Amino acid sequence: MHIQKTKTKNGSRTWLVIGSSKYRLNRIIFSLVMVLATLAVVWPGHAIFGSATPLILGLPLSFAWVILWVIISFVAMLALHFSDNKDPETD
Amino acid sequence: METGTVILLVVGLYLLISLLTGIIPSLRISKSVSGFVAGDRSMNVLILYFVIGASIFSSFAFLGGPGWAYSRGAAAFYIIAYGVIGIVPLYFFGPRAWRLGKRYGYVTQAELLANRFDSKFLSIMLAFLSVIVFIPYLTLQMRGAAFVLNVISEGMIPEWAGAALTYSVVLVYVYFSGVMGVGWSNAFQGMFMMVLAWILGIYLPNALYGGVGNMFQEIIATGNEAMLQAPGLAADGTPWNWWGYGSAVVVSAVGFSVWPHFFMRSFAAKSPKALRLSVVLYPTFLLFLVPILLIGFSAIVLFPGVEQADSILPYVLMQLDLPAVVIGLFCAGALAASMSSGDAILHSAASVGVRDGISKMLPAPPSDKNERFMIQVLVLVIGLIAYLFAVIVDISIVALLLGSYGGVAQIFPIIFVMFYWSRATKAGAISGLLGGIIVNCIFLIFPEIKPLPVHEGIYGLIANVILLVGVSYATAPDPKETVNKFMNSGLLTKDKS
């Protein structure tokens, strides 16, 4: 498993090479974050951080937790978007 | 001025602006099917952002969201949870659909699928299903608008008149401007709702309890702590379980990106980049559900025992001594929520119904001009049918709509394999979709036979994927040329690494 950089016509891509398959690194990282987000807002994440107290910025922990993950996912999507834009031919 | 007059003036002004923002784009789009259905592929980030965002800000979110927070507490967070997961697939599907649309002239979701799997049957079936699901959906939006006008006007505006008034505005701008009318009016309605949601969501907890923190402390102190504990309460008021909550989130998330009216906005984008950016910005729209839920929470302690939870927002507003302008603005906001979803549904139901259904059943394909006209006529017909359901026929459509979420989710696997799995075949796709829908319906009608208390859509999805993969492997591969066309998704480069 290693990381490889290739040039395309107007940009570049970073790949994660595992055996004979290549995956785009930014998408792998993004997918992992989203899997984490799913586990966090459903189960077991929300079961652990799902109590009414303490209040965080006035909101119950169960509410603040979901909002936190909306923000994390938003940042992850922004990062994916900007890293995808480095390669104009991206699909 | 009298309170009633002020409210009517504010609402009237709102309707007038909606009408104008909806009609003006008709001057700019071409008089073609592509112009009506996909806005000549010209939507910029701003419009797309609101079109995508407004789809979640329906009557359900504006009235149902506070209703859930009021009666079921933390269970209401599921609306936020599924949105943030559900939007992601569109980032990947959208640009692929866009490029194929640009190159081959597709404007609907069913067209893509029918071409990939070379099946007229699939196209007609999807059209049929879409219209079946969309009519109750539209009916609900109409009832939401009629209900709010009726309550706020203290019965002065009967429900039939409220629905007719608001939806004749929608009919006019959808009829003339197609999707661009939907887009521009949604941008106006969306901004309006956002401002209103934040003002009300912050004002009510402050006015009633002296702050959001105080409000929640009060809720906990009055013995409602269990409500705020995730995953909240089930419909019967007992604590909900993770099977039910989790599967509701998953099914809604899976279905979210493939709702036909939502997915087909991909074709209206100006460029894949614009589409991606508006998808990426979507979570900011999701945060506007936070004040909406706060409104519902604000009523728990002060107004216990309201039977109809969905009416909690207008109920609270009527209890407070608010200036008439504020009530009028709220009323217009609720109409905006209803209309910005209703117009998109109406437009898509007619577009899909003609383009993928009626046109495919005709012996010869209709000319572009005729097809556009047929879509416009169907806009009027569907609007009228939904209106009749809304004011005359008294059947429970909420159940029908909730059931449809599991059904729509069944489209996801075939969209996914269209882009990512070359071995999927026509027989596999059709049996997967049909099997998934049938299993979903069986568990919907007979919930007592469920082995686990999870959403019926999950059972449908399991059957769907098994059939899709199994039958595909058991049948000969589809022609390479077609498969590659969709796997490469219209990219001109021959790079197939």
# chains A, B, ... in the order shown; residues from 1 in each chain; ligands from 1
>>> interface_residues(of="chain A", to="chain B", cutoff="8 Å", atoms="only C-alpha atoms", output="ChimeraX atom specification")
/A:34,37-38,41-43,46-47,50-52,55,57-60,62-63,66-67,70-71,73-74,77-78,81,91
>>> residues_around(residues="Pro314 of chain B", least_positions_apart="5", cutoff="9 Å", atoms="only C-alpha atoms", output="short mmCIF file (atom, residue, chain, number, x, y, z; two decimals) with N, CA and C atoms, in the first residue's frame")
data_model
loop_
_atom_site.label_atom_id
_atom_site.label_comp_id
_atom_site.auth_asym_id
_atom_site.auth_seq_id
_atom_site.Cartn_x
_atom_site.Cartn_y
_atom_site.Cartn_z
N LEU B 63 -44.21 22.38 9.33
CA LEU B 63 -45.26 22.05 10.29
C LEU B 63 -44.94 20.75 11.02
N VAL B 148 -52.79 26.26 7.24
CA VAL B 148 -52.19 27.42 7.89
C VAL B 148 -53.05 28.66 7.65
N VAL B 151 -56.17 28.46 9.86
CA VAL B 151 -55.97 28.67 11.30
C VAL B 151 -55.66 30.14 11.59
N ILE B 152 -54.73 30.69 10.81
CA ILE B 152 -54.29 32.07 11.07
C ILE B 152 -55.42 33.08 10.84
N GLN B 319 -51.38 31.98 20.31
CA GLN B 319 -51.48 32.19 21.76
C GLN B 319 -50.75 33.45 22.20
N ILE B 327 -47.41 37.80 12.29
CA ILE B 327 -48.25 36.64 11.98
C ILE B 327 -48.40 36.50 10.46
N PHE B 330 -45.20 35.01 9.13
CA PHE B 330 -45.12 33.58 9.40
C PHE B 330 -46.00 32.81 8.42
N CYS B 331 -47.20 33.33 8.25
CA CYS B 331 -48.16 32.68 7.37
C CYS B 331 -47.56 32.55 5.96
#
>>> residues_around(residues="Gly65 of chain B", least_positions_apart="6", cutoff="12 Å", atoms="only C-alpha atoms", output="PyMOL selection string")
chain B and resi 56-59+71-80+197+288-297+309-313+337
>>> write_last_selection(atoms="N, CA and C atoms", output="short mmCIF file (atom, residue, chain, number, x, y, z; two decimals), in the first residue's frame")
data_model
loop_
_atom_site.label_atom_id
_atom_site.label_comp_id
_atom_site.auth_asym_id
_atom_site.auth_seq_id
_atom_site.Cartn_x
_atom_site.Cartn_y
_atom_site.Cartn_z
N ILE B 56 -36.25 20.07 0.96
CA ILE B 56 -36.42 19.53 2.31
C ILE B 56 -37.30 20.45 3.14
N PHE B 57 -37.36 21.71 2.75
CA PHE B 57 -38.17 22.68 3.47
C PHE B 57 -39.60 22.65 2.97
N SER B 58 -40.25 21.52 3.11
CA SER B 58 -41.62 21.40 2.63
C SER B 58 -42.56 21.71 3.78
N SER B 59 -43.85 21.56 3.52
CA SER B 59 -44.83 21.68 4.59
C SER B 59 -44.47 20.73 5.71
N SER B 71 -43.85 16.56 20.05
CA SER B 71 -44.47 15.34 20.56
C SER B 71 -43.48 14.18 20.73
N ARG B 72 -42.35 14.21 19.98
CA ARG B 72 -41.46 13.05 20.04
C ARG B 72 -40.02 13.42 20.39
N GLY B 73 -39.77 14.69 20.68
CA GLY B 73 -38.45 15.11 21.16
C GLY B 73 -37.32 14.80 20.20
N ALA B 74 -36.31 14.10 20.72
CA ALA B 74 -35.08 13.85 19.97
C ALA B 74 -35.31 13.07 18.68
N ALA B 75 -36.44 12.40 18.55
CA ALA B 75 -36.73 11.66 17.32
C ALA B 75 -36.69 12.60 16.12
N ALA B 76 -36.99 13.88 16.35
CA ALA B 76 -37.03 14.86 15.26
C ALA B 76 -35.65 15.07 14.63
N PHE B 77 -34.58 14.72 15.36
CA PHE B 77 -33.23 14.93 14.80
C PHE B 77 -32.99 14.05 13.59
N TYR B 78 -33.86 13.08 13.37
CA TYR B 78 -33.64 12.19 12.22
C TYR B 78 -33.71 12.96 10.91
N ILE B 79 -34.51 14.04 10.90
CA ILE B 79 -34.62 14.83 9.66
C ILE B 79 -33.26 15.44 9.29
N ILE B 80 -32.53 15.88 10.33
CA ILE B 80 -31.21 16.46 10.08
C ILE B 80 -30.21 15.35 9.75
N ALA B 197 -37.34 31.51 9.70
CA ALA B 197 -37.10 30.40 10.61
C ALA B 197 -36.16 30.83 11.73
N PHE B 288 -30.78 25.20 8.89
CA PHE B 288 -31.98 25.99 9.11
C PHE B 288 -33.11 25.17 9.72
N LEU B 289 -32.89 23.86 9.80
CA LEU B 289 -33.86 23.05 10.52
C LEU B 289 -33.72 23.21 12.03
N VAL B 290 -32.54 23.70 12.45
CA VAL B 290 -32.31 23.86 13.89
C VAL B 290 -33.34 24.82 14.52
N PRO B 291 -33.47 26.07 14.01
CA PRO B 291 -34.49 26.94 14.61
C PRO B 291 -35.90 26.38 14.46
N ILE B 292 -36.15 25.68 13.35
CA ILE B 292 -37.48 25.10 13.15
C ILE B 292 -37.82 24.12 14.28
N LEU B 293 -36.84 23.31 14.66
CA LEU B 293 -37.09 22.36 15.74
C LEU B 293 -37.20 23.09 17.08
N LEU B 294 -36.41 24.16 17.24
CA LEU B 294 -36.49 24.93 18.50
C LEU B 294 -37.90 25.45 18.72
N ILE B 295 -38.57 25.83 17.64
CA ILE B 295 -39.95 26.31 17.76
C ILE B 295 -40.83 25.24 18.41
N GLY B 296 -40.66 24.00 17.94
CA GLY B 296 -41.44 22.90 18.50
C GLY B 296 -41.11 22.66 19.96
N PHE B 297 -39.81 22.69 20.29
CA PHE B 297 -39.40 22.46 21.68
C PHE B 297 -39.97 23.54 22.60
N ALA B 309 -50.25 17.49 16.78
CA ALA B 309 -48.89 18.02 16.94
C ALA B 309 -48.47 18.89 15.76
N ASP B 310 -48.95 18.56 14.56
CA ASP B 310 -48.54 19.32 13.38
C ASP B 310 -49.03 20.77 13.40
N SER B 311 -50.00 21.05 14.25
CA SER B 311 -50.53 22.41 14.28
C SER B 311 -49.86 23.24 15.35
N ILE B 312 -48.78 22.72 15.95
CA ILE B 312 -48.20 23.38 17.12
C ILE B 312 -47.66 24.77 16.79
N LEU B 313 -47.06 24.93 15.62
CA LEU B 313 -46.48 26.23 15.27
C LEU B 313 -47.54 27.32 15.13
N ALA B 337 -42.93 27.41 2.27
CA ALA B 337 -42.47 26.04 2.46
C ALA B 337 -43.31 25.08 1.63
#
>>> residues_around(residues="Ile458 of chain B", least_positions_apart="6", cutoff="10 Å", atoms="only C-alpha atoms", output="PyMOL selection string")
chain B and resi 247-248+250-251+254+406+409-410+436+439-440+443+464
>>> write_last_selection(atoms="C-alpha atoms", output="PDB file, in the first residue's frame")
ATOM      1  CA  SER B 247     -33.450   2.266   9.843  1.00  0.00           C
ATOM      2  CA  ALA B 248     -35.675   5.321   9.314  1.00  0.00           C
ATOM      3  CA  VAL B 250     -30.912   4.902   6.531  1.00  0.00           C
ATOM      4  CA  VAL B 251     -33.958   4.385   4.303  1.00  0.00           C
ATOM      5  CA  VAL B 254     -30.795   6.083   0.608  1.00  0.00           C
ATOM      6  CA  GLY B 406     -39.360   2.858   1.270  1.00  0.00           C
ATOM      7  CA  ALA B 409     -35.318   4.049  -1.918  1.00  0.00           C
ATOM      8  CA  GLN B 410     -35.570   0.994  -4.183  1.00  0.00           C
ATOM      9  CA  GLY B 436     -37.668  -4.504  -3.748  1.00  0.00           C
ATOM     10  CA  VAL B 439     -41.166  -6.763  -0.456  1.00  0.00           C
ATOM     11  CA  ASN B 440     -41.363  -3.173   0.808  1.00  0.00           C
ATOM     12  CA  PHE B 443     -43.893  -5.413   5.119  1.00  0.00           C
ATOM     13  CA  ASN B 464     -33.543  -5.700  -4.206  1.00  0.00           C
TER      14      ASN B 464
END
>>> atom_distance(atom1="atom CA of Ala350 of chain B", atom2="atom CA of Lys426 of chain B")
26.2 Å
>>> residues_around(residues="Met1 of chain A", least_positions_apart="2", cutoff="10 Å", atoms="only C-alpha atoms", output="list in words")
Ile3, Gln4, Leu16, Val17, Ile18, Gly19, Ser20, Ser21 and Lys22 of chain A
>>> decode(residues="segment 307-448 of chain B", atoms="C-alpha atoms", output="PDB file, in the first residue's frame")
ATOM      1  CA  GLU B 307     -53.671  16.915  20.200  1.00  0.00           C
ATOM      2  CA  GLN B 308     -52.671  17.703  16.645  1.00  0.00           C
ATOM      3  CA  ALA B 309     -48.893  18.017  16.942  1.00  0.00           C
ATOM      4  CA  ASP B 310     -48.538  19.319  13.378  1.00  0.00           C
ATOM      5  CA  SER B 311     -50.527  22.409  14.276  1.00  0.00           C
ATOM      6  CA  ILE B 312     -48.203  23.379  17.119  1.00  0.00           C
ATOM      7  CA  LEU B 313     -46.479  26.227  15.267  1.00  0.00           C
ATOM      8  CA  PRO B 314     -49.603  28.166  14.257  1.00  0.00           C
ATOM      9  CA  TYR B 315     -51.089  27.261  17.654  1.00  0.00           C
ATOM     10  CA  VAL B 316     -48.228  28.849  19.586  1.00  0.00           C
ATOM     11  CA  LEU B 317     -48.255  31.944  17.395  1.00  0.00           C
ATOM     12  CA  MET B 318     -51.946  32.450  17.962  1.00  0.00           C
ATOM     13  CA  GLN B 319     -51.476  32.188  21.756  1.00  0.00           C
ATOM     14  CA  LEU B 320     -48.898  34.952  21.822  1.00  0.00           C
ATOM     15  CA  ASP B 321     -49.814  38.554  21.442  1.00  0.00           C
ATOM     16  CA  LEU B 322     -47.810  39.151  18.282  1.00  0.00           C
ATOM     17  CA  PRO B 323     -48.079  42.092  15.887  1.00  0.00           C
ATOM     18  CA  ALA B 324     -50.230  41.333  12.843  1.00  0.00           C
ATOM     19  CA  VAL B 325     -47.281  41.816  10.486  1.00  0.00           C
ATOM     20  CA  VAL B 326     -45.333  39.045  12.230  1.00  0.00           C
ATOM     21  CA  ILE B 327     -48.251  36.636  11.982  1.00  0.00           C
ATOM     22  CA  GLY B 328     -48.670  37.573   8.333  1.00  0.00           C
ATOM     23  CA  LEU B 329     -44.982  36.944   7.691  1.00  0.00           C
ATOM     24  CA  PHE B 330     -45.120  33.585   9.402  1.00  0.00           C
ATOM     25  CA  CYS B 331     -48.156  32.680   7.372  1.00  0.00           C
ATOM     26  CA  ALA B 332     -46.345  33.605   4.162  1.00  0.00           C
ATOM     27  CA  GLY B 333     -43.339  31.568   5.334  1.00  0.00           C
ATOM     28  CA  ALA B 334     -45.497  28.487   5.772  1.00  0.00           C
ATOM     29  CA  LEU B 335     -46.934  29.045   2.307  1.00  0.00           C
ATOM     30  CA  ALA B 336     -43.401  29.393   0.934  1.00  0.00           C
ATOM     31  CA  ALA B 337     -42.472  26.039   2.463  1.00  0.00           C
ATOM     32  CA  SER B 338     -45.493  24.407   0.915  1.00  0.00           C
ATOM     33  CA  MET B 339     -45.157  26.062  -2.486  1.00  0.00           C
ATOM     34  CA  SER B 340     -41.419  25.587  -2.933  1.00  0.00           C
ATOM     35  CA  SER B 341     -41.858  21.834  -2.622  1.00  0.00           C
ATOM     36  CA  GLY B 342     -45.241  21.674  -4.305  1.00  0.00           C
ATOM     37  CA  ASP B 343     -44.062  23.437  -7.457  1.00  0.00           C
ATOM     38  CA  ALA B 344     -41.085  21.098  -7.890  1.00  0.00           C
ATOM     39  CA  ILE B 345     -43.272  18.042  -7.396  1.00  0.00           C
ATOM     40  CA  LEU B 346     -45.940  19.299  -9.765  1.00  0.00           C
ATOM     41  CA  HIS B 347     -43.379  20.116 -12.435  1.00  0.00           C
ATOM     42  CA  SER B 348     -41.632  16.760 -12.135  1.00  0.00           C
ATOM     43  CA  ALA B 349     -44.801  14.696 -12.008  1.00  0.00           C
ATOM     44  CA  ALA B 350     -45.965  16.221 -15.288  1.00  0.00           C
ATOM     45  CA  SER B 351     -42.540  16.045 -16.946  1.00  0.00           C
ATOM     46  CA  VAL B 352     -41.925  12.436 -15.969  1.00  0.00           C
ATOM     47  CA  GLY B 353     -45.516  11.424 -16.671  1.00  0.00           C
ATOM     48  CA  VAL B 354     -45.313  12.639 -20.266  1.00  0.00           C
ATOM     49  CA  ARG B 355     -41.674  12.161 -21.155  1.00  0.00           C
ATOM     50  CA  ASP B 356     -41.252   8.681 -19.647  1.00  0.00           C
ATOM     51  CA  GLY B 357     -44.840   7.479 -19.643  1.00  0.00           C
ATOM     52  CA  ILE B 358     -47.280   8.843 -22.206  1.00  0.00           C
ATOM     53  CA  SER B 359     -44.693   9.575 -24.930  1.00  0.00           C
ATOM     54  CA  LYS B 360     -43.279   6.077 -24.647  1.00  0.00           C
ATOM     55  CA  MET B 361     -46.735   4.546 -25.039  1.00  0.00           C
ATOM     56  CA  LEU B 362     -47.574   6.456 -28.212  1.00  0.00           C
ATOM     57  CA  PRO B 363     -47.005   4.576 -31.488  1.00  0.00           C
ATOM     58  CA  ALA B 364     -44.632   7.310 -32.738  1.00  0.00           C
ATOM     59  CA  PRO B 365     -42.597   9.700 -30.559  1.00  0.00           C
ATOM     60  CA  PRO B 366     -44.300  13.128 -30.415  1.00  0.00           C
ATOM     61  CA  SER B 367     -42.636  16.243 -31.786  1.00  0.00           C
ATOM     62  CA  ASP B 368     -40.774  18.432 -29.312  1.00  0.00           C
ATOM     63  CA  LYS B 369     -43.475  21.099 -29.491  1.00  0.00           C
ATOM     64  CA  ASN B 370     -46.298  18.633 -28.895  1.00  0.00           C
ATOM     65  CA  GLU B 371     -44.452  16.961 -26.077  1.00  0.00           C
ATOM     66  CA  ARG B 372     -43.896  20.278 -24.320  1.00  0.00           C
ATOM     67  CA  PHE B 373     -47.566  21.117 -24.702  1.00  0.00           C
ATOM     68  CA  MET B 374     -48.599  17.729 -23.313  1.00  0.00           C
ATOM     69  CA  ILE B 375     -46.407  18.340 -20.252  1.00  0.00           C
ATOM     70  CA  GLN B 376     -48.049  21.734 -19.710  1.00  0.00           C
ATOM     71  CA  VAL B 377     -51.491  20.172 -19.951  1.00  0.00           C
ATOM     72  CA  LEU B 378     -50.504  17.451 -17.496  1.00  0.00           C
ATOM     73  CA  VAL B 379     -49.317  20.164 -15.074  1.00  0.00           C
ATOM     74  CA  LEU B 380     -52.893  21.448 -15.006  1.00  0.00           C
ATOM     75  CA  VAL B 381     -54.438  17.975 -14.784  1.00  0.00           C
ATOM     76  CA  ILE B 382     -52.217  16.790 -11.933  1.00  0.00           C
ATOM     77  CA  GLY B 383     -52.708  20.081 -10.108  1.00  0.00           C
ATOM     78  CA  LEU B 384     -56.439  19.602 -10.337  1.00  0.00           C
ATOM     79  CA  ILE B 385     -56.372  15.964  -9.204  1.00  0.00           C
ATOM     80  CA  ALA B 386     -54.216  16.820  -6.188  1.00  0.00           C
ATOM     81  CA  TYR B 387     -56.559  19.708  -5.387  1.00  0.00           C
ATOM     82  CA  LEU B 388     -59.582  17.407  -5.452  1.00  0.00           C
ATOM     83  CA  PHE B 389     -57.821  15.019  -3.080  1.00  0.00           C
ATOM     84  CA  ALA B 390     -56.884  17.932  -0.853  1.00  0.00           C
ATOM     85  CA  VAL B 391     -60.346  19.415  -0.416  1.00  0.00           C
ATOM     86  CA  ILE B 392     -62.905  16.780  -1.325  1.00  0.00           C
ATOM     87  CA  VAL B 393     -61.708  13.220  -0.937  1.00  0.00           C
ATOM     88  CA  ASP B 394     -61.053  12.443   2.682  1.00  0.00           C
ATOM     89  CA  ILE B 395     -58.545   9.602   2.789  1.00  0.00           C
ATOM     90  CA  SER B 396     -55.451   9.248   4.897  1.00  0.00           C
ATOM     91  CA  ILE B 397     -52.671  10.183   2.530  1.00  0.00           C
ATOM     92  CA  VAL B 398     -50.018  10.587   5.192  1.00  0.00           C
ATOM     93  CA  ALA B 399     -49.721   6.819   5.474  1.00  0.00           C
ATOM     94  CA  LEU B 400     -49.452   6.522   1.719  1.00  0.00           C
ATOM     95  CA  LEU B 401     -46.681   9.077   1.630  1.00  0.00           C
ATOM     96  CA  LEU B 402     -44.703   7.553   4.476  1.00  0.00           C
ATOM     97  CA  GLY B 403     -44.958   4.211   2.718  1.00  0.00           C
ATOM     98  CA  SER B 404     -43.572   5.724  -0.447  1.00  0.00           C
ATOM     99  CA  TYR B 405     -40.191   6.544   1.135  1.00  0.00           C
ATOM    100  CA  GLY B 406     -39.360   2.858   1.270  1.00  0.00           C
ATOM    101  CA  GLY B 407     -40.489   2.487  -2.335  1.00  0.00           C
ATOM    102  CA  VAL B 408     -38.425   5.385  -3.669  1.00  0.00           C
ATOM    103  CA  ALA B 409     -35.318   4.049  -1.918  1.00  0.00           C
ATOM    104  CA  GLN B 410     -35.570   0.994  -4.183  1.00  0.00           C
ATOM    105  CA  ILE B 411     -34.437   3.138  -7.130  1.00  0.00           C
ATOM    106  CA  PHE B 412     -31.036   3.708  -5.527  1.00  0.00           C
ATOM    107  CA  PRO B 413     -29.399   0.331  -6.292  1.00  0.00           C
ATOM    108  CA  ILE B 414     -30.153   0.499 -10.026  1.00  0.00           C
ATOM    109  CA  ILE B 415     -28.870   4.074 -10.273  1.00  0.00           C
ATOM    110  CA  PHE B 416     -25.706   2.991  -8.506  1.00  0.00           C
ATOM    111  CA  VAL B 417     -25.022  -0.002 -10.755  1.00  0.00           C
ATOM    112  CA  MET B 418     -25.787   2.054 -13.868  1.00  0.00           C
ATOM    113  CA  PHE B 419     -22.702   4.137 -13.108  1.00  0.00           C
ATOM    114  CA  TYR B 420     -20.465   1.706 -11.250  1.00  0.00           C
ATOM    115  CA  TRP B 421     -21.159  -1.961 -12.050  1.00  0.00           C
ATOM    116  CA  SER B 422     -20.709  -3.148 -15.624  1.00  0.00           C
ATOM    117  CA  ARG B 423     -22.094  -6.620 -15.017  1.00  0.00           C
ATOM    118  CA  ALA B 424     -25.643  -5.431 -14.153  1.00  0.00           C
ATOM    119  CA  THR B 425     -28.195  -6.601 -16.712  1.00  0.00           C
ATOM    120  CA  LYS B 426     -31.666  -5.597 -17.801  1.00  0.00           C
ATOM    121  CA  ALA B 427     -33.277  -8.638 -16.170  1.00  0.00           C
ATOM    122  CA  GLY B 428     -31.324  -8.004 -12.974  1.00  0.00           C
ATOM    123  CA  ALA B 429     -32.343  -4.346 -12.804  1.00  0.00           C
ATOM    124  CA  ILE B 430     -36.027  -4.967 -13.417  1.00  0.00           C
ATOM    125  CA  SER B 431     -36.283  -7.901 -11.011  1.00  0.00           C
ATOM    126  CA  GLY B 432     -34.344  -6.012  -8.346  1.00  0.00           C
ATOM    127  CA  LEU B 433     -36.552  -2.934  -8.564  1.00  0.00           C
ATOM    128  CA  LEU B 434     -39.827  -4.879  -8.739  1.00  0.00           C
ATOM    129  CA  GLY B 435     -38.775  -7.325  -6.026  1.00  0.00           C
ATOM    130  CA  GLY B 436     -37.668  -4.504  -3.748  1.00  0.00           C
ATOM    131  CA  ILE B 437     -40.925  -2.617  -4.161  1.00  0.00           C
ATOM    132  CA  ILE B 438     -43.051  -5.736  -3.613  1.00  0.00           C
ATOM    133  CA  VAL B 439     -41.166  -6.763  -0.456  1.00  0.00           C
ATOM    134  CA  ASN B 440     -41.363  -3.173   0.808  1.00  0.00           C
ATOM    135  CA  CYS B 441     -45.127  -3.136   0.277  1.00  0.00           C
ATOM    136  CA  ILE B 442     -45.651  -6.522   1.935  1.00  0.00           C
ATOM    137  CA  PHE B 443     -43.893  -5.413   5.119  1.00  0.00           C
ATOM    138  CA  LEU B 444     -45.668  -2.074   4.972  1.00  0.00           C
ATOM    139  CA  ILE B 445     -49.086  -3.735   4.900  1.00  0.00           C
ATOM    140  CA  PHE B 446     -48.233  -6.549   7.327  1.00  0.00           C
ATOM    141  CA  PRO B 447     -45.806  -4.989   9.829  1.00  0.00           C
ATOM    142  CA  GLU B 448     -46.450  -7.835  12.279  1.00  0.00           C
TER     143      GLU B 448
END
